[in-house]
>>> print(open('input08.txt').read())   # compact mmCIF, C-alpha atoms and all ligand atoms
# COMPACT_ATOMS: atom_id res chain seq x y z
CA MET B 1 -9.28 -39.83 -227.56
CA THR B 2 -11.51 -41.44 -224.96
CA LYS B 3 -11.26 -39.92 -221.48
CA LEU B 4 -10.84 -42.13 -218.43
CA SER B 5 -12.95 -41.09 -215.45
CA VAL B 6 -12.04 -43.10 -212.36
CA ASN B 7 -14.99 -44.07 -210.16
CA ILE B 8 -13.79 -43.89 -206.55
CA ASN B 9 -16.83 -45.45 -204.85
CA LYS B 10 -14.75 -48.45 -203.78
CA ILE B 11 -12.22 -46.24 -202.01
CA ALA B 12 -15.09 -44.92 -199.90
CA THR B 13 -16.30 -48.50 -199.28
CA LEU B 14 -12.88 -49.39 -197.87
CA ARG B 15 -12.71 -46.21 -195.78
CA ASN B 16 -16.19 -46.77 -194.33
CA SER B 17 -15.40 -50.37 -193.38
CA ARG B 18 -13.23 -49.13 -190.45
CA GLY B 19 -15.12 -45.95 -189.63
CA GLY B 20 -11.99 -43.79 -189.92
CA ASP B 21 -10.43 -41.85 -192.77
CA THR B 22 -8.12 -44.43 -194.36
CA PRO B 23 -7.85 -44.37 -197.28
CA ASN B 24 -8.53 -40.66 -197.57
CA LEU B 25 -10.90 -40.16 -200.50
CA VAL B 26 -9.72 -36.65 -201.37
CA SER B 27 -6.02 -37.70 -201.44
CA VAL B 28 -6.87 -40.64 -203.67
CA ALA B 29 -8.75 -38.35 -206.06
CA VAL B 30 -5.81 -35.92 -206.14
CA ASP B 31 -3.40 -38.79 -206.92
CA VAL B 32 -5.65 -40.38 -209.54
CA GLN B 33 -5.69 -37.07 -211.43
CA GLU B 34 -1.94 -36.63 -210.90
CA PHE B 35 -1.45 -40.09 -212.48
CA GLY B 36 -3.27 -38.85 -215.59
CA ALA B 37 -6.95 -39.77 -215.26
CA GLN B 38 -9.10 -37.18 -216.98
CA GLY B 39 -12.06 -37.41 -214.65
CA ILE B 40 -13.39 -38.42 -211.24
CA THR B 41 -16.74 -40.20 -210.93
CA ILE B 42 -18.76 -40.74 -207.78
CA HIS B 43 -22.14 -42.37 -207.31
CA PRO B 44 -23.60 -41.28 -203.97
CA ARG B 45 -26.38 -43.72 -203.09
CA PRO B 46 -29.25 -42.78 -200.77
CA ASP B 47 -27.94 -45.09 -197.99
CA GLU B 48 -24.45 -43.48 -198.31
CA ARG B 49 -22.88 -46.93 -198.04
CA HIS B 50 -19.82 -45.72 -199.90
CA ILE B 51 -19.77 -42.12 -201.13
CA ARG B 52 -21.36 -39.79 -198.57
CA TYR B 53 -23.11 -36.63 -199.67
CA GLN B 54 -20.44 -34.67 -197.76
CA ASP B 55 -17.75 -36.39 -199.90
CA ALA B 56 -19.29 -34.83 -202.99
CA TYR B 57 -18.72 -31.35 -201.46
CA ASP B 58 -15.21 -32.20 -200.20
CA LEU B 59 -14.15 -33.34 -203.66
CA LYS B 60 -15.42 -30.25 -205.47
CA PRO B 61 -12.40 -27.96 -204.87
CA ILE B 62 -9.80 -30.61 -205.72
CA VAL B 63 -11.34 -32.12 -208.85
CA THR B 64 -9.53 -30.20 -211.56
CA THR B 65 -10.49 -32.65 -214.29
CA GLU B 66 -14.07 -33.66 -215.23
CA TYR B 67 -16.27 -34.12 -212.19
CA ASN B 68 -19.04 -36.64 -212.89
CA ILE B 69 -21.73 -37.35 -210.31
CA GLU B 70 -23.98 -40.33 -210.95
CA GLY B 71 -27.26 -41.22 -209.33
CA ASN B 72 -31.00 -41.55 -209.33
CA PRO B 73 -32.47 -38.04 -209.58
CA ILE B 74 -34.50 -38.05 -206.39
CA LYS B 75 -34.92 -34.56 -204.85
CA LYS B 76 -32.00 -34.95 -202.42
CA PHE B 77 -29.70 -35.93 -205.31
CA ILE B 78 -30.85 -33.11 -207.59
CA ASP B 79 -30.28 -30.56 -204.79
CA LEU B 80 -26.79 -31.95 -204.17
CA VAL B 81 -25.79 -31.80 -207.83
CA VAL B 82 -27.21 -28.32 -208.34
CA ALA B 83 -25.33 -27.08 -205.25
CA ILE B 84 -22.03 -28.60 -206.41
CA LYS B 85 -22.28 -27.93 -210.14
CA PRO B 86 -20.04 -30.73 -211.42
CA THR B 87 -19.08 -30.95 -215.09
CA GLN B 88 -21.56 -33.73 -215.68
CA VAL B 89 -24.42 -35.51 -213.98
CA THR B 90 -25.21 -39.08 -215.07
CA LEU B 91 -28.78 -40.13 -214.39
CA VAL B 92 -29.10 -43.77 -213.30
CA PRO B 93 -32.47 -45.41 -212.50
CA ASP B 94 -31.28 -47.23 -209.38
CA ALA B 95 -33.69 -49.00 -207.11
CA ILE B 96 -33.04 -47.82 -203.52
CA ASN B 97 -31.55 -51.12 -202.37
CA ALA B 98 -29.81 -52.19 -205.58
CA ILE B 99 -26.41 -53.67 -204.81
CA THR B 100 -25.12 -51.90 -207.92
CA SER B 101 -26.64 -50.36 -211.05
CA ASN B 102 -28.50 -53.04 -212.94
CA ALA B 103 -30.53 -51.35 -215.70
CA GLY B 104 -30.63 -48.36 -217.99
CA TRP B 105 -33.53 -45.89 -218.30
CA ASP B 106 -36.72 -46.58 -220.13
CA THR B 107 -36.57 -43.21 -221.89
CA ILE B 108 -39.99 -43.71 -223.46
CA LYS B 109 -41.87 -44.33 -220.20
CA ASN B 110 -39.90 -41.68 -218.31
CA GLN B 111 -39.68 -39.12 -221.11
CA SER B 112 -41.45 -36.22 -219.41
CA PHE B 113 -39.74 -36.82 -216.04
CA LEU B 114 -36.31 -36.97 -217.66
CA THR B 115 -37.02 -33.90 -219.78
CA GLU B 116 -37.83 -31.87 -216.64
CA VAL B 117 -34.76 -33.12 -214.78
CA VAL B 118 -32.44 -32.47 -217.73
CA ALA B 119 -33.85 -28.93 -218.08
CA GLU B 120 -33.16 -28.24 -214.39
CA PHE B 121 -29.52 -29.31 -214.76
CA LYS B 122 -29.18 -27.36 -218.01
CA ARG B 123 -30.43 -24.20 -216.26
CA ASN B 124 -27.57 -24.72 -213.83
CA GLY B 125 -24.95 -25.22 -216.54
CA ILE B 126 -24.47 -28.93 -215.85
CA ARG B 127 -24.13 -31.42 -218.71
CA THR B 128 -26.47 -34.40 -218.43
CA SER B 129 -25.83 -37.98 -219.49
CA ILE B 130 -28.46 -40.74 -219.38
CA PHE B 131 -27.45 -44.30 -218.42
CA MET B 132 -28.87 -46.59 -221.11
CA ASP B 133 -29.01 -50.10 -222.44
CA PRO B 134 -27.90 -50.35 -226.08
CA ASP B 135 -31.46 -50.17 -227.43
CA LEU B 136 -32.05 -48.11 -230.58
CA GLY B 137 -35.66 -47.18 -229.76
CA LEU B 138 -34.70 -45.95 -226.30
CA ILE B 139 -31.79 -43.95 -227.69
CA GLU B 140 -34.12 -42.24 -230.17
CA ALA B 141 -36.30 -41.28 -227.20
CA ALA B 142 -33.28 -40.14 -225.15
CA VAL B 143 -32.47 -37.33 -227.55
CA LYS B 144 -35.94 -35.87 -226.97
CA THR B 145 -35.16 -35.32 -223.26
CA GLY B 146 -32.57 -32.69 -224.20
CA ALA B 147 -29.68 -34.65 -222.64
CA GLU B 148 -26.28 -33.97 -224.20
CA ARG B 149 -24.93 -37.50 -223.74
CA ILE B 150 -25.83 -41.09 -223.05
CA GLU B 151 -23.80 -43.57 -221.03
CA LEU B 152 -23.97 -47.04 -222.53
CA TYR B 153 -24.48 -49.61 -219.74
CA THR B 154 -21.77 -52.15 -220.52
CA GLU B 155 -22.43 -54.98 -218.08
CA ALA B 156 -23.97 -57.25 -220.75
CA PHE B 157 -21.01 -56.63 -223.07
CA ALA B 158 -18.48 -57.29 -220.27
CA THR B 159 -20.14 -60.56 -219.26
CA GLU B 160 -20.40 -61.89 -222.81
CA TYR B 161 -16.91 -60.75 -223.79
CA GLY B 162 -15.57 -62.57 -220.72
CA LEU B 163 -17.20 -65.73 -222.08
CA GLY B 164 -15.49 -65.23 -225.44
CA ASN B 165 -18.47 -63.75 -227.30
CA LYS B 166 -17.08 -60.80 -229.23
CA GLU B 167 -20.36 -60.41 -231.12
CA ALA B 168 -21.71 -58.83 -227.93
CA ILE B 169 -20.18 -55.55 -229.10
CA LYS B 170 -22.66 -55.30 -232.00
CA PRO B 171 -25.62 -53.61 -230.26
CA TYR B 172 -23.18 -51.12 -228.72
CA VAL B 173 -21.72 -50.24 -232.13
CA ALA B 174 -25.20 -49.76 -233.60
CA SER B 175 -26.21 -47.65 -230.59
CA ALA B 176 -23.09 -45.49 -230.85
CA ASN B 177 -23.71 -44.91 -234.56
CA LEU B 178 -27.30 -43.89 -233.94
CA ALA B 179 -26.38 -41.66 -230.99
CA THR B 180 -23.79 -39.87 -233.13
CA GLU B 181 -26.33 -39.42 -235.92
CA LEU B 182 -28.75 -37.89 -233.40
CA GLY B 183 -26.09 -35.56 -231.99
CA LEU B 184 -25.69 -37.32 -228.63
CA GLY B 185 -22.24 -37.68 -227.07
CA ILE B 186 -21.28 -41.21 -225.99
CA ASN B 187 -19.97 -42.34 -222.60
CA ALA B 188 -19.83 -45.92 -221.35
CA GLY B 189 -19.43 -47.77 -218.11
CA HIS B 190 -20.05 -50.69 -215.78
CA ASP B 191 -17.78 -53.71 -215.46
CA LEU B 192 -15.23 -52.36 -217.91
CA SER B 193 -11.76 -53.65 -217.03
CA LEU B 194 -8.21 -54.13 -218.26
CA ASP B 195 -9.45 -57.30 -220.00
CA ASN B 196 -12.17 -55.72 -222.10
CA ILE B 197 -11.53 -51.97 -222.35
CA GLN B 198 -9.23 -52.00 -225.38
CA PHE B 199 -11.60 -54.10 -227.48
CA PHE B 200 -14.56 -51.97 -226.43
CA ALA B 201 -12.87 -48.62 -227.08
CA LYS B 202 -11.45 -49.74 -230.44
CA ASN B 203 -14.88 -50.79 -231.69
CA ILE B 204 -17.10 -47.94 -230.44
CA PRO B 205 -16.98 -44.89 -232.68
CA ASN B 206 -16.82 -41.48 -231.01
CA LEU B 207 -16.48 -42.84 -227.48
CA LEU B 208 -15.94 -39.69 -225.40
CA GLU B 209 -15.53 -41.10 -221.90
CA VAL B 210 -15.49 -44.29 -219.88
CA SER B 211 -16.04 -44.40 -216.13
CA ILE B 212 -14.40 -47.37 -214.41
CA GLY B 213 -14.36 -48.24 -210.73
CA HIS B 214 -14.89 -51.76 -209.47
CA ALA B 215 -12.40 -53.55 -211.72
CA LEU B 216 -9.88 -50.69 -211.70
CA ILE B 217 -9.63 -50.65 -207.90
CA ALA B 218 -9.43 -54.47 -207.78
CA GLU B 219 -6.69 -54.39 -210.42
CA ALA B 220 -4.84 -51.70 -208.46
CA LEU B 221 -4.84 -54.07 -205.47
CA TYR B 222 -3.59 -57.04 -207.47
CA LEU B 223 -0.93 -55.06 -209.30
CA GLY B 224 0.24 -53.27 -206.16
CA LEU B 225 0.29 -56.25 -203.82
CA GLU B 226 3.78 -57.57 -204.62
CA ASN B 227 5.30 -54.13 -204.10
CA VAL B 228 3.60 -53.61 -200.75
CA VAL B 229 4.34 -57.10 -199.41
CA ASN B 230 7.99 -56.51 -200.26
CA LEU B 231 7.98 -53.12 -198.52
CA TYR B 232 6.70 -54.82 -195.35
CA LEU B 233 9.27 -57.60 -195.62
CA HIS B 234 11.99 -54.98 -195.95
CA LYS B 235 10.78 -53.20 -192.77
CA LEU B 236 10.80 -56.49 -190.87
CA LYS B 237 14.40 -57.37 -191.75
C1 LIG B 301 -23.71 -46.34 -213.22
C2 LIG B 301 -22.75 -47.41 -212.99
O1 LIG B 301 -22.70 -48.39 -213.67
C3 LIG B 301 -21.79 -47.30 -211.85
O2 LIG B 301 -21.92 -46.13 -211.16
C4 LIG B 301 -21.96 -48.38 -210.88
O3 LIG B 301 -23.30 -48.40 -210.56
C5 LIG B 301 -21.09 -48.21 -209.69
O4 LIG B 301 -21.83 -48.11 -208.52
P1 LIG B 301 -21.43 -49.01 -207.27
O5 LIG B 301 -19.99 -48.69 -206.95
O6 LIG B 301 -22.37 -48.59 -206.18
O7 LIG B 301 -21.59 -50.45 -207.67
N1 LIG B 302 -20.58 -45.39 -214.75
C1 LIG B 302 -19.89 -46.59 -214.47
C2 LIG B 302 -18.95 -46.41 -213.36
O1 LIG B 302 -18.78 -45.31 -212.86
C3 LIG B 302 -18.14 -47.51 -212.85
O2 LIG B 302 -18.77 -48.74 -212.92
P1 LIG B 302 -17.89 -50.01 -212.41
O3 LIG B 302 -16.57 -49.96 -213.12
O4 LIG B 302 -17.70 -49.82 -210.92
O5 LIG B 302 -18.71 -51.21 -212.77
>>> encode(input="input08.txt", output="structure tokens", more="lines below")
Ligand SMILES: CC(=O)[C@@H](O)[C@H](O)COP(=O)(O)O
Ligand SMILES: NCC(=O)COP(=O)(O)O
Amino acid sequence: MTKLSVNINKIATLRNSRGGDTPNLVSVAVDVQEFGAQGITIHPRPDERHIRYQDAYDLKPIVTTEYNIEGNPIKKFIDLVVAIKPTQVTLVPDAINAITSNAGWDTIKNQSFLTEVVAEFKRNGIRTSIFMDPDLGLIEAAVKTGAERIELYTEAFATEYGLGNKEAIKPYVASANLATELGLGINAGHDLSLDNIQFFAKNIPNLLEVSIGHALIAEALYLGLENVVNLYLHKLK
């Protein structure tokens, strides 16, 4: 079965927008796990515009499922992850000012850098996953870094599937088959949603974990809105 890791970046975005502590990130993470999610994902960015580095520490004692920390392995990020020792670190080659993740690693160009970083996390007992486009050559190079998993970057699939192009799954299926053959575990994420997740998960062999944030939090708003509006109306009677 594929595990669902809920990315709670957007909860932190909402909290930060008022400068206070509503919604409380730790309570949300506790509830998300209570509701059955099998993991919590955060992606602290260098500007801390949503998840703050302190959040990563505050979450550590309450994440009883898989704790996945994503980010670009700059020194500050590596130190944070090594101090916290989550279940998994997902390496993402973010540009400093990227609005969101927009590319996977070039595992050929960055082979020696990634190999060093993966070894450092391995020494600390942390599983490493590499965020990747569905490119067979790059996946062959990924295994040489020593990483245990790859995370397939699903934005291209999500966009094409939304336009009705189901063929967009093909490179992901081929990538998953190759990764399995090479002994790499398979995660996936970015722009997965209630609309596309079932099709994606049904077609990708050996999909271990998906991390979903942006759409899941938006869907939680849509699906919860009627209930909350009615609760307010009731209080105003
Ligand atoms: C690696 C990945 O696809 C997600 O972590 C995504 O980047 C979410 O980050 P933001 O919430 O900052 O958009
Ligand atoms: N690794 C992907 C992730 O954590 C969530 O991405 P998104 O659902 O916010 O696009």
>>> residues_near_ligand(input="input08.txt", ligand="ligand LIG 301 (chain B)", cutoff="9 Å", atoms="all atoms listed in the file", output="PyMOL selection string")
chain B and resi 7-10+13+41-45+49-51+69-71+90-94+98-104+131+151+153-155+188-191+211-214
>>> atom_distance(input="input08.txt", atom1="CA of Asn196 in chain B", atom2="CA of Asp133 in chain B")
17.8 Å
>>> residues_around(input="input08.txt", residues="Ala29 in chain B", least_positions_apart="6", cutoff="10 Å", atoms="only C-alpha atoms", output="list in words")
Val6, Asn7, Ile8, Ile11, Phe35, Ala37, Gly39, Ile40, Thr41, Leu59, Ile62, Val63 and Thr64 of chain B
>>> closest_residue(input="input08.txt", among="B:Glu209, B:Asp106, B:Glu226, B:Asp58", to="ligand LIG 302 (chain B)", atoms="all atoms listed in the file")
B:Glu209
>>> atom_distance(input="input08.txt", atom1="CA of Asn124 in chain B", atom2="CA of Thr145 in chain B")
16.1 Å
>>> atom_distance(input="input08.txt", atom1="CA of Val118 in chain B", atom2="CA of Gly146 in chain B")
6.5 Å
>>> closest_residue(input="input08.txt", among="B:Glu148, B:Asp47, B:Glu219, B:Glu120", to="ligand LIG 302 (chain B)", atoms="all atoms listed in the file")
B:Glu219
>>> closest_residue(input="input08.txt", among="B:Ser193, B:Leu221, B:Ile74, B:Gln111", to="Thr159 in chain B", atoms="only C-alpha atoms")
B:Ser193
>>> closest_residue(input="input08.txt", among="B:Tyr222, B:Tyr232, B:Phe200, B:Phe77", to="Thr2 in chain B", atoms="only C-alpha atoms")
B:Phe200
>>> residues_around(input="input08.txt", residues="Glu66 in chain B", least_positions_apart="5", cutoff="8 Å", atoms="only C-alpha atoms", output="PDB file with C-alpha atoms, keeping the file's coordinate frame")
ATOM      1  CA  SER B   5     -12.950 -41.090-215.450  1.00  0.00           C
ATOM      2  CA  GLN B  38      -9.100 -37.180-216.980  1.00  0.00           C
ATOM      3  CA  GLY B  39     -12.060 -37.410-214.650  1.00  0.00           C
ATOM      4  CA  ILE B  40     -13.390 -38.420-211.240  1.00  0.00           C
ATOM      5  CA  PRO B  86     -20.040 -30.730-211.420  1.00  0.00           C
ATOM      6  CA  THR B  87     -19.080 -30.950-215.090  1.00  0.00           C
ATOM      7  CA  GLN B  88     -21.560 -33.730-215.680  1.00  0.00           C
TER       8      GLN B  88
END
>>> residues_around(input="input08.txt", residues="range 166-176 of chain B", least_positions_apart="6", cutoff="12 Å", atoms="all atoms listed in the file", output="ChimeraX atom specification")
/B:132-140,142,149-160,182-189,196-197,199-208
>>> build_atoms(input="input08.txt", residues="range 86-105 of chain B", atoms="N, CA and C atoms", output="mmCIF file, in the frame of the given file")
data_model
loop_
_atom_site.group_PDB
_atom_site.id
_atom_site.type_symbol
_atom_site.label_atom_id
_atom_site.label_comp_id
_atom_site.auth_asym_id
_atom_site.auth_seq_id
_atom_site.Cartn_x
_atom_site.Cartn_y
_atom_site.Cartn_z
ATOM 1 N N PRO B 86 -21.134 -29.988 -210.793
ATOM 2 C CA PRO B 86 -20.040 -30.730 -211.420
ATOM 3 C C PRO B 86 -20.070 -30.516 -212.941
ATOM 4 N N THR B 87 -19.081 -31.052 -213.630
ATOM 5 C CA THR B 87 -19.080 -30.950 -215.090
ATOM 6 C C THR B 87 -20.269 -31.681 -215.682
ATOM 7 N N GLN B 88 -20.547 -32.848 -215.091
ATOM 8 C CA GLN B 88 -21.560 -33.730 -215.680
ATOM 9 C C GLN B 88 -22.336 -34.460 -214.587
ATOM 10 N N VAL B 89 -23.623 -34.637 -214.833
ATOM 11 C CA VAL B 89 -24.420 -35.510 -213.980
ATOM 12 C C VAL B 89 -24.890 -36.669 -214.860
ATOM 13 N N THR B 90 -24.728 -37.900 -214.332
ATOM 14 C CA THR B 90 -25.210 -39.080 -215.070
ATOM 15 C C THR B 90 -26.409 -39.640 -214.330
ATOM 16 N N LEU B 91 -27.540 -39.668 -215.011
ATOM 17 C CA LEU B 91 -28.780 -40.130 -214.390
ATOM 18 C C LEU B 91 -28.877 -41.651 -214.502
ATOM 19 N N VAL B 92 -29.053 -42.301 -213.350
ATOM 20 C CA VAL B 92 -29.100 -43.770 -213.300
ATOM 21 C C VAL B 92 -30.378 -44.172 -212.559
ATOM 22 N N PRO B 93 -31.183 -45.080 -213.140
ATOM 23 C CA PRO B 93 -32.470 -45.410 -212.500
ATOM 24 C C PRO B 93 -32.326 -46.488 -211.434
ATOM 25 N N ASP B 94 -31.524 -46.208 -210.406
ATOM 26 C CA ASP B 94 -31.280 -47.230 -209.380
ATOM 27 C C ASP B 94 -32.477 -47.444 -208.488
ATOM 28 N N ALA B 95 -32.748 -48.709 -208.200
ATOM 29 C CA ALA B 95 -33.690 -49.000 -207.110
ATOM 30 C C ALA B 95 -32.932 -48.670 -205.824
ATOM 31 N N ILE B 96 -33.659 -48.262 -204.774
ATOM 32 C CA ILE B 96 -33.040 -47.820 -203.520
ATOM 33 C C ILE B 96 -32.033 -48.845 -202.981
ATOM 34 N N ASN B 97 -32.427 -50.129 -202.993
ATOM 35 C CA ASN B 97 -31.550 -51.120 -202.370
ATOM 36 C C ASN B 97 -30.713 -51.929 -203.354
ATOM 37 N N ALA B 98 -30.601 -51.441 -204.583
ATOM 38 C CA ALA B 98 -29.810 -52.190 -205.580
ATOM 39 C C ALA B 98 -28.370 -52.292 -205.112
ATOM 40 N N ILE B 99 -27.803 -53.474 -205.256
ATOM 41 C CA ILE B 99 -26.410 -53.670 -204.810
ATOM 42 C C ILE B 99 -25.451 -52.884 -205.703
ATOM 43 N N THR B 100 -25.825 -52.764 -206.971
ATOM 44 C CA THR B 100 -25.120 -51.900 -207.920
ATOM 45 C C THR B 100 -26.110 -51.571 -209.033
ATOM 46 N N SER B 101 -25.706 -50.711 -209.968
ATOM 47 C CA SER B 101 -26.640 -50.360 -211.050
ATOM 48 C C SER B 101 -26.913 -51.600 -211.890
ATOM 49 N N ASN B 102 -28.182 -51.803 -212.215
ATOM 50 C CA ASN B 102 -28.500 -53.040 -212.940
ATOM 51 C C ASN B 102 -29.451 -52.846 -214.108
ATOM 52 N N ALA B 103 -29.660 -51.597 -214.528
ATOM 53 C CA ALA B 103 -30.530 -51.350 -215.700
ATOM 54 C C ALA B 103 -30.333 -49.920 -216.172
ATOM 55 N N GLY B 104 -30.612 -49.727 -217.458
ATOM 56 C CA GLY B 104 -30.630 -48.360 -217.990
ATOM 57 C C GLY B 104 -32.045 -47.805 -217.929
ATOM 58 N N TRP B 105 -32.205 -46.540 -218.325
ATOM 59 C CA TRP B 105 -33.530 -45.890 -218.300
ATOM 60 C C TRP B 105 -34.432 -46.402 -219.403
#
